[in-house]
file query-v3.cif (mmCIF, C-alpha atoms)
data_model
#
loop_
_atom_site.group_PDB
_atom_site.id
_atom_site.type_symbol
_atom_site.label_atom_id
_atom_site.label_comp_id
_atom_site.auth_asym_id
_atom_site.auth_seq_id
_atom_site.Cartn_x
_atom_site.Cartn_y
_atom_site.Cartn_z
ATOM 1 C CA MET A 8 0.000 0.000 0.000
ATOM 2 C CA ALA A 9 2.005 2.982 -1.225
ATOM 3 C CA LEU A 10 1.108 6.377 0.203
ATOM 4 C CA SER A 11 1.245 8.614 -2.852
ATOM 5 C CA GLU A 12 -0.739 11.471 -1.314
ATOM 6 C CA PHE A 13 0.591 13.699 1.429
ATOM 7 C CA LEU A 14 0.853 17.328 2.393
ATOM 8 C CA VAL A 15 4.251 18.950 2.864
ATOM 9 C CA VAL A 16 4.900 22.016 5.018
ATOM 10 C CA PRO A 17 8.460 23.038 4.134
ATOM 11 C CA ALA A 18 11.067 24.250 6.583
ATOM 12 C CA SER A 19 11.216 28.036 6.706
ATOM 13 C CA SER A 20 15.006 28.036 7.049
ATOM 14 C CA GLU A 21 17.641 25.516 5.946
ATOM 15 C CA HIS A 22 16.024 22.058 6.040
ATOM 16 C CA THR A 23 18.007 19.826 8.406
ATOM 17 C CA ALA A 24 15.278 17.711 10.045
ATOM 18 C CA THR A 25 11.913 16.165 9.129
ATOM 19 C CA VAL A 26 8.815 15.280 11.120
ATOM 20 C CA ILE A 27 6.386 12.802 9.550
ATOM 21 C CA PHE A 28 3.053 13.275 11.344
ATOM 22 C CA LEU A 29 0.003 11.027 10.929
ATOM 23 C CA HIS A 30 -3.608 12.085 11.394
ATOM 24 C CA GLY A 31 -6.312 10.130 13.211
ATOM 25 C CA LEU A 32 -9.325 8.220 11.925
ATOM 26 C CA ASN A 33 -11.596 9.841 9.320
ATOM 27 C CA THR A 34 -9.481 12.945 8.716
ATOM 28 C CA THR A 35 -6.491 13.759 6.505
ATOM 29 C CA GLY A 36 -3.157 15.460 6.882
ATOM 30 C CA TYR A 37 -4.918 18.783 6.319
ATOM 31 C CA ALA A 38 -6.357 18.531 9.845
ATOM 32 C CA TRP A 39 -2.852 19.271 11.180
ATOM 33 C CA GLN A 40 -1.715 21.821 8.611
ATOM 34 C CA GLU A 41 -2.424 24.863 10.791
ATOM 35 C CA MET A 42 -0.601 23.436 13.795
ATOM 36 C CA VAL A 43 2.518 22.363 11.929
ATOM 37 C CA SER A 44 2.622 25.606 9.943
ATOM 38 C CA THR A 45 2.783 27.443 13.262
ATOM 39 C CA PHE A 46 5.562 25.146 14.450
ATOM 40 C CA ALA A 47 7.465 25.594 11.200
ATOM 41 C CA SER A 48 7.403 29.385 11.564
ATOM 42 C CA GLU A 49 8.773 29.437 15.123
ATOM 43 C CA ALA A 50 12.442 30.281 15.543
ATOM 44 C CA PRO A 51 13.629 27.063 17.251
ATOM 45 C CA LEU A 52 11.818 24.817 14.744
ATOM 46 C CA THR A 53 12.215 26.582 11.390
ATOM 47 C CA HIS A 54 14.676 23.923 10.181
ATOM 48 C CA ILE A 55 12.001 21.192 10.297
ATOM 49 C CA LYS A 56 10.095 20.031 7.237
ATOM 50 C CA TRP A 57 6.720 18.432 8.011
ATOM 51 C CA VAL A 58 5.279 15.572 5.963
ATOM 52 C CA LEU A 59 1.560 14.904 6.568
ATOM 53 C CA PRO A 60 0.452 11.726 4.771
ATOM 54 C CA HIS A 61 -3.200 10.976 4.055
ATOM 55 C CA ALA A 62 -4.307 7.482 5.073
ATOM 56 C CA PRO A 63 -5.962 5.377 2.354
ATOM 57 C CA GLN A 64 -9.737 5.111 2.320
ATOM 58 C CA MET A 65 -11.215 1.812 3.472
ATOM 59 C CA PRO A 66 -14.343 0.417 5.149
ATOM 60 C CA VAL A 67 -14.086 0.613 8.943
ATOM 61 C CA THR A 68 -15.958 -2.138 10.739
ATOM 62 C CA ALA A 69 -16.538 -0.182 13.967
ATOM 63 C CA LYS A 70 -18.110 2.595 11.888
ATOM 64 C CA ASP A 71 -20.708 0.192 10.415
ATOM 65 C CA GLY A 72 -18.507 -0.423 7.394
ATOM 66 C CA ALA A 73 -18.430 3.226 6.303
ATOM 67 C CA THR A 74 -15.532 4.110 4.013
ATOM 68 C CA MET A 75 -13.130 6.699 5.375
ATOM 69 C CA HIS A 76 -9.465 7.567 5.702
ATOM 70 C CA SER A 77 -7.972 4.998 8.071
ATOM 71 C CA TRP A 78 -4.524 3.524 8.653
ATOM 72 C CA TYR A 79 -6.085 0.126 9.372
ATOM 73 C CA ASP A 80 -9.489 -1.382 10.081
ATOM 74 C CA ILE A 81 -10.922 -1.071 13.580
ATOM 75 C CA PHE A 82 -13.138 -4.022 14.469
ATOM 76 C CA ASP A 83 -14.519 -2.542 17.708
ATOM 77 C CA TRP A 84 -13.630 0.419 19.930
ATOM 78 C CA ASP A 85 -12.458 -1.676 22.880
ATOM 79 C CA TYR A 86 -10.398 -4.001 20.638
ATOM 80 C CA LYS A 87 -12.114 -7.051 22.148
ATOM 81 C CA LEU A 88 -12.494 -8.482 18.635
ATOM 82 C CA GLY A 89 -8.772 -8.246 17.964
ATOM 83 C CA GLU A 90 -6.691 -6.044 15.695
ATOM 84 C CA ASP A 91 -6.269 -5.655 11.956
ATOM 85 C CA GLU A 92 -2.655 -6.796 12.058
ATOM 86 C CA GLN A 93 -2.413 -7.112 8.284
ATOM 87 C CA GLY A 94 -3.591 -3.532 7.817
ATOM 88 C CA ILE A 95 -1.333 -2.216 10.568
ATOM 89 C CA LEU A 96 1.738 -3.857 9.064
ATOM 90 C CA ALA A 97 0.846 -2.710 5.541
ATOM 91 C CA SER A 98 0.657 0.896 6.735
ATOM 92 C CA SER A 99 3.918 0.441 8.616
ATOM 93 C CA VAL A 100 5.656 -0.646 5.421
ATOM 94 C CA SER A 101 4.284 2.419 3.613
ATOM 95 C CA LEU A 102 5.537 4.711 6.355
ATOM 96 C CA GLY A 103 8.944 3.085 6.050
ATOM 97 C CA GLU A 104 8.959 4.117 2.400
ATOM 98 C CA ILE A 105 8.336 7.754 3.358
ATOM 99 C CA ILE A 106 11.221 7.559 5.832
ATOM 100 C CA ARG A 107 13.421 6.055 3.129
ATOM 101 C CA ASP A 108 12.529 8.894 0.747
ATOM 102 C CA GLU A 109 13.643 11.442 3.340
ATOM 103 C CA VAL A 110 16.905 9.577 3.940
ATOM 104 C CA GLU A 111 17.575 9.367 0.228
ATOM 105 C CA SER A 112 16.945 13.113 -0.061
ATOM 106 C CA GLY A 113 19.793 13.728 2.396
ATOM 107 C CA ILE A 114 18.174 13.793 5.863
ATOM 108 C CA PRO A 115 19.801 11.153 8.111
ATOM 109 C CA PRO A 116 17.502 8.904 10.175
ATOM 110 C CA ASN A 117 18.666 10.492 13.428
ATOM 111 C CA ARG A 118 17.171 13.771 12.167
ATOM 112 C CA ILE A 119 13.734 12.273 11.401
ATOM 113 C CA VAL A 120 10.831 12.091 13.856
ATOM 114 C CA LEU A 121 7.766 9.905 13.280
ATOM 115 C CA GLY A 122 4.598 10.876 15.124
ATOM 116 C CA GLY A 123 0.857 11.139 15.062
ATOM 117 C CA PHE A 124 -2.447 11.565 16.850
ATOM 118 C CA SER A 125 -4.866 8.795 17.912
ATOM 119 C CA GLN A 126 -4.774 6.079 15.232
ATOM 120 C CA GLY A 127 -1.826 7.937 13.693
ATOM 121 C CA GLY A 128 -0.091 7.887 17.074
ATOM 122 C CA ALA A 129 -0.620 4.141 17.343
ATOM 123 C CA MET A 130 0.894 3.633 13.886
ATOM 124 C CA SER A 131 3.847 5.888 14.685
ATOM 125 C CA LEU A 132 4.586 4.125 17.960
ATOM 126 C CA LEU A 133 4.603 0.657 16.428
ATOM 127 C CA THR A 134 6.476 1.660 13.274
ATOM 128 C CA GLY A 135 9.034 3.669 15.204
ATOM 129 C CA LEU A 136 9.792 0.747 17.514
ATOM 130 C CA ILE A 137 10.148 -1.902 14.814
ATOM 131 C CA SER A 138 11.801 0.249 12.152
ATOM 132 C CA GLU A 139 15.254 -0.555 10.822
ATOM 133 C CA TRP A 140 15.894 3.190 10.866
ATOM 134 C CA LYS A 141 17.301 4.628 14.105
ATOM 135 C CA LEU A 142 15.008 7.634 14.193
ATOM 136 C CA ALA A 143 15.493 10.800 16.217
ATOM 137 C CA GLY A 144 12.237 10.144 18.032
ATOM 138 C CA ILE A 145 8.658 8.906 18.121
ATOM 139 C CA VAL A 146 5.544 10.922 19.037
ATOM 140 C CA ASN A 147 2.317 9.312 20.233
ATOM 141 C CA LEU A 148 -0.506 11.735 21.044
ATOM 142 C CA SER A 149 -3.605 9.985 22.423
ATOM 143 C CA GLY A 150 -2.780 6.738 20.648
ATOM 144 C CA ARG A 151 -2.932 3.050 21.595
ATOM 145 C CA LEU A 152 -0.158 0.492 21.786
ATOM 146 C CA VAL A 153 -1.115 -1.926 19.002
ATOM 147 C CA MET A 154 0.158 -5.475 18.428
ATOM 148 C CA ARG A 155 1.266 -5.488 22.041
ATOM 149 C CA ASP A 156 1.576 -9.275 22.334
ATOM 150 C CA LYS A 157 3.933 -9.450 19.348
ATOM 151 C CA LEU A 158 5.927 -6.294 19.942
ATOM 152 C CA GLU A 159 8.860 -7.834 21.802
ATOM 153 C CA SER A 160 9.610 -10.254 18.955
ATOM 154 C CA MET A 161 9.285 -7.500 16.319
ATOM 155 C CA MET A 162 11.016 -4.470 17.809
ATOM 156 C CA ALA A 163 14.468 -3.217 16.920
ATOM 157 C CA GLU A 164 17.414 -4.006 19.188
ATOM 158 C CA ASP A 165 17.708 -0.404 20.373
ATOM 159 C CA ALA A 166 13.948 0.200 20.668
ATOM 160 C CA ARG A 167 14.057 0.400 24.469
ATOM 161 C CA SER A 168 16.156 3.546 24.372
ATOM 162 C CA ARG A 169 14.540 5.310 21.410
ATOM 163 C CA PRO A 170 13.218 8.762 22.399
ATOM 164 C CA ILE A 171 9.417 8.684 22.744
ATOM 165 C CA PHE A 172 7.064 11.565 23.524
ATOM 166 C CA TRP A 173 3.740 10.143 24.750
ATOM 167 C CA GLY A 174 0.970 12.602 25.560
ATOM 168 C CA HIS A 175 -2.500 11.582 26.746
ATOM 169 C CA GLY A 176 -5.524 13.359 28.219
ATOM 170 C CA GLN A 177 -6.867 12.035 31.517
ATOM 171 C CA GLN A 178 -10.459 12.561 30.327
ATOM 172 C CA ASP A 179 -10.025 10.685 27.043
ATOM 173 C CA VAL A 180 -12.963 8.271 26.736
ATOM 174 C CA LEU A 181 -12.250 7.164 23.157
ATOM 175 C CA VAL A 182 -8.679 5.954 23.611
ATOM 176 C CA LYS A 183 -9.016 5.604 27.338
ATOM 177 C CA TYR A 184 -6.413 7.107 29.623
ATOM 178 C CA ALA A 185 -6.304 3.857 31.609
ATOM 179 C CA TRP A 186 -5.151 2.100 28.432
ATOM 180 C CA ALA A 187 -2.265 4.567 28.092
ATOM 181 C CA GLU A 188 -1.235 4.062 31.709
ATOM 182 C CA ASP A 189 -1.385 0.289 31.292
ATOM 183 C CA ALA A 190 0.654 0.404 28.070
ATOM 184 C CA PHE A 191 3.266 2.626 29.701
ATOM 185 C CA ARG A 192 3.587 0.195 32.629
ATOM 186 C CA PHE A 193 3.805 -2.730 30.193
ATOM 187 C CA LEU A 194 6.620 -1.119 28.222
ATOM 188 C CA GLN A 195 8.512 -0.160 31.374
ATOM 189 C CA HIS A 196 8.077 -3.255 33.518
ATOM 190 C CA ASP A 197 7.460 -6.110 31.077
ATOM 191 C CA LEU A 198 9.661 -4.967 28.200
ATOM 192 C CA THR A 199 12.133 -2.939 30.328
ATOM 193 C CA PHE A 200 11.872 0.288 28.330
ATOM 194 C CA ARG A 201 13.723 3.256 29.747
ATOM 195 C CA ALA A 202 11.864 6.197 31.250
ATOM 196 C CA ALA A 203 13.397 9.454 30.052
ATOM 197 C CA LYS A 204 14.369 11.607 33.024
ATOM 198 C CA ASN A 205 16.814 14.237 34.201
ATOM 199 C CA GLY A 206 17.063 15.775 30.738
ATOM 200 C CA ASP A 207 17.961 12.498 29.005
ATOM 201 C CA ILE A 208 16.106 12.213 25.696
ATOM 202 C CA LYS A 209 16.427 8.422 25.498
ATOM 203 C CA GLY A 210 13.385 6.402 26.532
ATOM 204 C CA ILE A 211 9.717 7.250 27.129
ATOM 205 C CA GLU A 212 8.699 10.716 28.230
ATOM 206 C CA PHE A 213 5.083 10.266 29.385
ATOM 207 C CA HIS A 214 2.921 13.381 29.736
ATOM 208 C CA SER A 215 -0.481 13.272 31.425
ATOM 209 C CA TYR A 216 -2.943 16.149 30.937
ATOM 210 C CA LYS A 217 -5.661 16.783 33.506
ATOM 211 C CA GLY A 218 -9.036 17.713 32.010
ATOM 212 C CA LEU A 219 -8.009 16.879 28.427
ATOM 213 C CA ALA A 220 -10.280 14.609 26.379
ATOM 214 C CA HIS A 221 -9.428 13.007 23.003
ATOM 215 C CA ALA A 222 -7.694 16.099 21.683
ATOM 216 C CA THR A 223 -4.562 18.188 22.033
ATOM 217 C CA SER A 224 -4.079 21.265 24.182
ATOM 218 C CA ASP A 225 -1.789 24.284 24.232
ATOM 219 C CA GLU A 226 0.066 22.735 27.168
ATOM 220 C CA GLU A 227 0.649 19.472 25.326
ATOM 221 C CA LEU A 228 1.771 21.203 22.138
ATOM 222 C CA ASN A 229 4.175 23.379 24.100
ATOM 223 C CA ASP A 230 5.648 20.271 25.742
ATOM 224 C CA LEU A 231 6.008 18.759 22.266
ATOM 225 C CA ARG A 232 7.803 21.880 21.003
ATOM 226 C CA ILE A 233 10.331 21.621 23.825
ATOM 227 C CA TRP A 234 10.869 17.904 23.185
ATOM 228 C CA LEU A 235 11.388 18.464 19.447
ATOM 229 C CA GLN A 236 14.000 21.105 20.172
ATOM 230 C CA ARG A 237 15.876 18.499 22.188
ATOM 231 C CA VAL A 238 15.686 15.542 19.775
ATOM 232 C CA VAL A 239 16.250 17.501 16.520
ATOM 233 C CA PRO A 240 17.958 20.740 17.596
ATOM 234 C CA GLN A 241 18.757 23.388 15.055
ATOM 235 C CA CYS A 242 22.226 22.841 13.638
#

call {"tool": "encode", "arguments": {"input": "query-v3.cif", "output": "structure tokens"}}
result
Amino acid sequence: MALSEFLVVPASSEHTATVIFLHGLNTTGYAWQEMVSTFASEAPLTHIKWVLPHAPQMPVTAKDGATMHSWYDIFDWDYKLGEDEQGILASSVSLGEIIRDEVESGIPPNRIVLGGFSQGGAMSLLTGLISEWKLAGIVNLSGRLVMRDKLESMMAEDARSRPIFWGHGQQDVLVKYAWAEDAFRFLQHDLTFRAAKNGDIKGIEFHSYKGLAHATSDEELNDLRIWLQRVVPQC
């Protein structure tokens, strides 16, 4: 499944880093254009090019089979019916091709961040952990940990120390906050992932936002700005 359609917000100064950012269910990359355009115009982040892919359109089972932009099928909202592993892995391969295009254009992997919101966050987290590319970082905003039972056998050797920004609202009832807490504990205690602390960018930096539902906030986006400055500083 090649992703031939995406929106690009160019760096406003010399391009030395790239962020590939994935939208959530039933939207497109245009949903994030205003946010990333603001980021791209700010002095510490002007060197970053933003790539906003559009997910392919497909029937989504949990939406009564309605066709919409989706990175993979969702069988039910609580995932009791399992996961569309084939669709998840197909999207992951396509995202790898976008990363490869950036590398071939001259941006090294350690200057590329992969991130997203909700379903896009879930895809970014999985792809970033299993990717052959040693990326600068991974961003998961309000997203699930998918393919959890198979992750350990799939992930890259250095996955445990890859920089991860995980932001989640405590009032999220769609991708429940309790799921994020449980996934964070699983990664830390079962898979021995590092927790980023004391200014170290390696490992998971988990941010919890009181009063935030399934959305972003100014506080979260400001935390993300600071994190991006650390993982892909201007050079």

call {"tool": "resolve_selection", "arguments": {"input": "query-v3.cif", "expression": "the PyMOL selection byres ((chain A and resi 134-141) around 9)", "output": "ChimeraX atom specification"}}
result
/A:96,98-100,102-103,106-107,116-117,119-122,129-133,142-146,158,161-167,169

call {"tool": "resolve_selection", "arguments": {"input": "query-v3.cif", "expression": "the PyMOL selection byres ((chain A and resi 22) around 9)", "output": "PyMOL selection string"}}
result
chain A and resi 17-21+23-25+53-56+114

call {"tool": "closest_residue", "arguments": {"input": "query-v3.cif", "among": "A:Gly218, A:Val238, A:Asp189, A:Leu52", "to": "Gly206 (chain A)", "atoms": "only C-alpha atoms"}}
result
A:Val238

call {"tool": "closest_residue", "arguments": {"input": "query-v3.cif", "among": "A:Ser112, A:Gln93, A:Gln178, A:Thr74", "to": "Lys217 (chain A)", "atoms": "only C-alpha atoms"}}
result
A:Gln178

call {"tool": "atom_distance", "arguments": {"input": "query-v3.cif", "atom1": "CA of Gly150 (chain A)", "atom2": "CA of Val182 (chain A)"}}
result
6.6 Å

call {"tool": "closest_residue", "arguments": {"input": "query-v3.cif", "among": "A:Thr199, A:Met65, A:Glu226, A:Met75", "to": "Gly94 (chain A)", "atoms": "all atoms listed in the file"}}
result
A:Met65

call {"tool": "residues_around", "arguments": {"input": "query-v3.cif", "residues": "Thr34 (chain A)", "least_positions_apart": "5", "cutoff": "10 Å", "atoms": "all atoms listed in the file", "output": "count of residues only"}}
result
7

call {"tool": "atom_distance", "arguments": {"input": "query-v3.cif", "atom1": "CA of Phe191 (chain A)", "atom2": "CA of Pro51 (chain A)"}}
result
29.3 Å

call {"tool": "atom_distance", "arguments": {"input": "query-v3.cif", "atom1": "CA of Gln64 (chain A)", "atom2": "CA of Phe13 (chain A)"}}
result
13.5 Å

call {"tool": "closest_residue", "arguments": {"input": "query-v3.cif", "among": "A:Ser160, A:Thr68, A:Ser149, A:Thr35", "to": "Ser215 (chain A)", "atoms": "all atoms listed in the file"}}
result
A:Ser149

call {"tool": "resolve_selection", "arguments": {"input": "query-v3.cif", "expression": "the PyMOL selection byres ((chain A and resi 200) around 7)", "output": "number ranges by chain"}}
result
A: 167-168, 194-195, 198-199, 201-202, 210

call {"tool": "closest_residue", "arguments": {"input": "query-v3.cif", "among": "A:Ala38, A:Val16, A:Val67, A:Leu148", "to": "Ser224 (chain A)", "atoms": "only C-alpha atoms"}}
result
A:Leu148

call {"tool": "closest_residue", "arguments": {"input": "query-v3.cif", "among": "A:Lys157, A:Lys70, A:His30, A:Arg192", "to": "Phe124 (chain A)", "atoms": "all atoms listed in the file"}}
result
A:His30

call {"tool": "residues_around", "arguments": {"input": "query-v3.cif", "residues": "Gly31 (chain A)", "least_positions_apart": "6", "cutoff": "7 Å", "atoms": "only C-alpha atoms", "output": "list in words"}}
result
Phe124, Ser125, Gln126 and Gly127 of chain A

call {"tool": "write_last_selection", "arguments": {"input": "query-v3.cif", "atoms": "C-alpha atoms", "output": "mmCIF file, in the frame of the given file"}}
result
data_model
loop_
_atom_site.group_PDB
_atom_site.id
_atom_site.type_symbol
_atom_site.label_atom_id
_atom_site.label_comp_id
_atom_site.auth_asym_id
_atom_site.auth_seq_id
_atom_site.Cartn_x
_atom_site.Cartn_y
_atom_site.Cartn_z
ATOM 1 C CA PHE A 124 -2.447 11.565 16.850
ATOM 2 C CA SER A 125 -4.866 8.795 17.912
ATOM 3 C CA GLN A 126 -4.774 6.079 15.232
ATOM 4 C CA GLY A 127 -1.826 7.937 13.693
#

call {"tool": "residues_around", "arguments": {"input": "query-v3.cif", "residues": "Asp91 (chain A)", "least_positions_apart": "3", "cutoff": "8 Å", "atoms": "all atoms listed in the file", "output": "short mmCIF file (atom, residue, chain, number, x, y, z; two decimals) with C-alpha atoms, in the coordinates of the input"}}
result
data_model
loop_
_atom_site.label_atom_id
_atom_site.label_comp_id
_atom_site.auth_asym_id
_atom_site.auth_seq_id
_atom_site.Cartn_x
_atom_site.Cartn_y
_atom_site.Cartn_z
CA TYR A 79 -6.08 0.13 9.37
CA ASP A 80 -9.49 -1.38 10.08
CA ILE A 81 -10.92 -1.07 13.58
CA PHE A 82 -13.14 -4.02 14.47
CA GLY A 94 -3.59 -3.53 7.82
CA ILE A 95 -1.33 -2.22 10.57
#

call {"tool": "axis_aligned_box", "arguments": {"input": "query-v3.cif", "around": "region 103-108 of chain A", "padding_each_side": "5 Å", "output": "JSON"}}
result
{"center_x": 10.9, "center_y": 6.0, "center_z": 3.4, "size_x": 15.1, "size_y": 15.8, "size_z": 15.3}

call {"tool": "build_atoms", "arguments": {"input": "query-v3.cif", "residues": "region 161-183 of chain A", "atoms": "N, CA and C atoms", "output": "mmCIF file, in the frame of the given file"}}
result
data_model
loop_
_atom_site.group_PDB
_atom_site.id
_atom_site.type_symbol
_atom_site.label_atom_id
_atom_site.label_comp_id
_atom_site.auth_asym_id
_atom_site.auth_seq_id
_atom_site.Cartn_x
_atom_site.Cartn_y
_atom_site.Cartn_z
ATOM 1 N N MET A 161 9.193 -8.298 17.541
ATOM 2 C CA MET A 161 9.285 -7.500 16.319
ATOM 3 C C MET A 161 10.212 -6.300 16.454
ATOM 4 N N MET A 162 10.384 -5.786 17.668
ATOM 5 C CA MET A 162 11.016 -4.470 17.809
ATOM 6 C C MET A 162 12.516 -4.516 17.563
ATOM 7 N N ALA A 163 13.043 -3.362 17.202
ATOM 8 C CA ALA A 163 14.468 -3.217 16.920
ATOM 9 C C ALA A 163 15.280 -3.390 18.192
ATOM 10 N N GLU A 164 16.553 -3.737 18.037
ATOM 11 C CA GLU A 164 17.414 -4.006 19.188
ATOM 12 C C GLU A 164 17.527 -2.806 20.122
ATOM 13 N N ASP A 165 17.538 -1.600 19.550
ATOM 14 C CA ASP A 165 17.708 -0.404 20.373
ATOM 15 C C ASP A 165 16.386 0.273 20.704
ATOM 16 N N ALA A 166 15.264 -0.417 20.485
ATOM 17 C CA ALA A 166 13.948 0.200 20.668
ATOM 18 C C ALA A 166 13.744 0.724 22.081
ATOM 19 N N ARG A 167 14.295 0.033 23.060
ATOM 20 C CA ARG A 167 14.057 0.400 24.469
ATOM 21 C C ARG A 167 14.615 1.771 24.844
ATOM 22 N N SER A 168 15.561 2.247 24.060
ATOM 23 C CA SER A 168 16.156 3.546 24.372
ATOM 24 C C SER A 168 15.795 4.619 23.341
ATOM 25 N N ARG A 169 14.921 4.309 22.404
ATOM 26 C CA ARG A 169 14.540 5.310 21.410
ATOM 27 C C ARG A 169 13.707 6.409 22.082
ATOM 28 N N PRO A 170 13.965 7.671 21.777
ATOM 29 C CA PRO A 170 13.218 8.762 22.399
ATOM 30 C C PRO A 170 11.744 8.726 21.997
ATOM 31 N N ILE A 171 10.859 8.745 22.983
ATOM 32 C CA ILE A 171 9.417 8.684 22.744
ATOM 33 C C ILE A 171 8.735 9.785 23.538
ATOM 34 N N PHE A 172 7.934 10.600 22.855
ATOM 35 C CA PHE A 172 7.064 11.565 23.524
ATOM 36 C C PHE A 172 5.649 10.996 23.483
ATOM 37 N N TRP A 173 5.089 10.703 24.656
ATOM 38 C CA TRP A 173 3.740 10.143 24.750
ATOM 39 C C TRP A 173 2.890 11.121 25.546
ATOM 40 N N GLY A 174 1.885 11.688 24.897
ATOM 41 C CA GLY A 174 0.970 12.602 25.560
ATOM 42 C C GLY A 174 -0.447 12.042 25.540
ATOM 43 N N HIS A 175 -1.149 12.151 26.680
ATOM 44 C CA HIS A 175 -2.500 11.582 26.746
ATOM 45 C C HIS A 175 -3.348 12.365 27.743
ATOM 46 N N GLY A 176 -4.596 12.659 27.353
ATOM 47 C CA GLY A 176 -5.524 13.359 28.219
ATOM 48 C C GLY A 176 -6.179 12.426 29.225
ATOM 49 N N GLN A 177 -6.287 12.869 30.473
ATOM 50 C CA GLN A 177 -6.867 12.035 31.517
ATOM 51 C C GLN A 177 -8.367 11.822 31.339
ATOM 52 N N GLN A 178 -9.016 12.703 30.553
ATOM 53 C CA GLN A 178 -10.459 12.561 30.327
ATOM 54 C C GLN A 178 -10.769 11.967 28.944
ATOM 55 N N ASP A 179 -9.811 11.317 28.352
ATOM 56 C CA ASP A 179 -10.025 10.685 27.043
ATOM 57 C C ASP A 179 -10.895 9.435 27.235
ATOM 58 N N VAL A 180 -12.067 9.431 26.619
ATOM 59 C CA VAL A 180 -12.963 8.271 26.736
ATOM 60 C C VAL A 180 -12.983 7.451 25.450
ATOM 61 N N LEU A 181 -12.318 7.926 24.406
ATOM 62 C CA LEU A 181 -12.250 7.164 23.157
ATOM 63 C C LEU A 181 -11.050 6.217 23.185
ATOM 64 N N VAL A 182 -9.874 6.767 23.335
ATOM 65 C CA VAL A 182 -8.679 5.954 23.611
ATOM 66 C C VAL A 182 -8.395 6.197 25.092
ATOM 67 N N LYS A 183 -8.908 5.339 25.907
ATOM 68 C CA LYS A 183 -9.016 5.604 27.338
ATOM 69 C C LYS A 183 -7.653 5.829 27.996
#
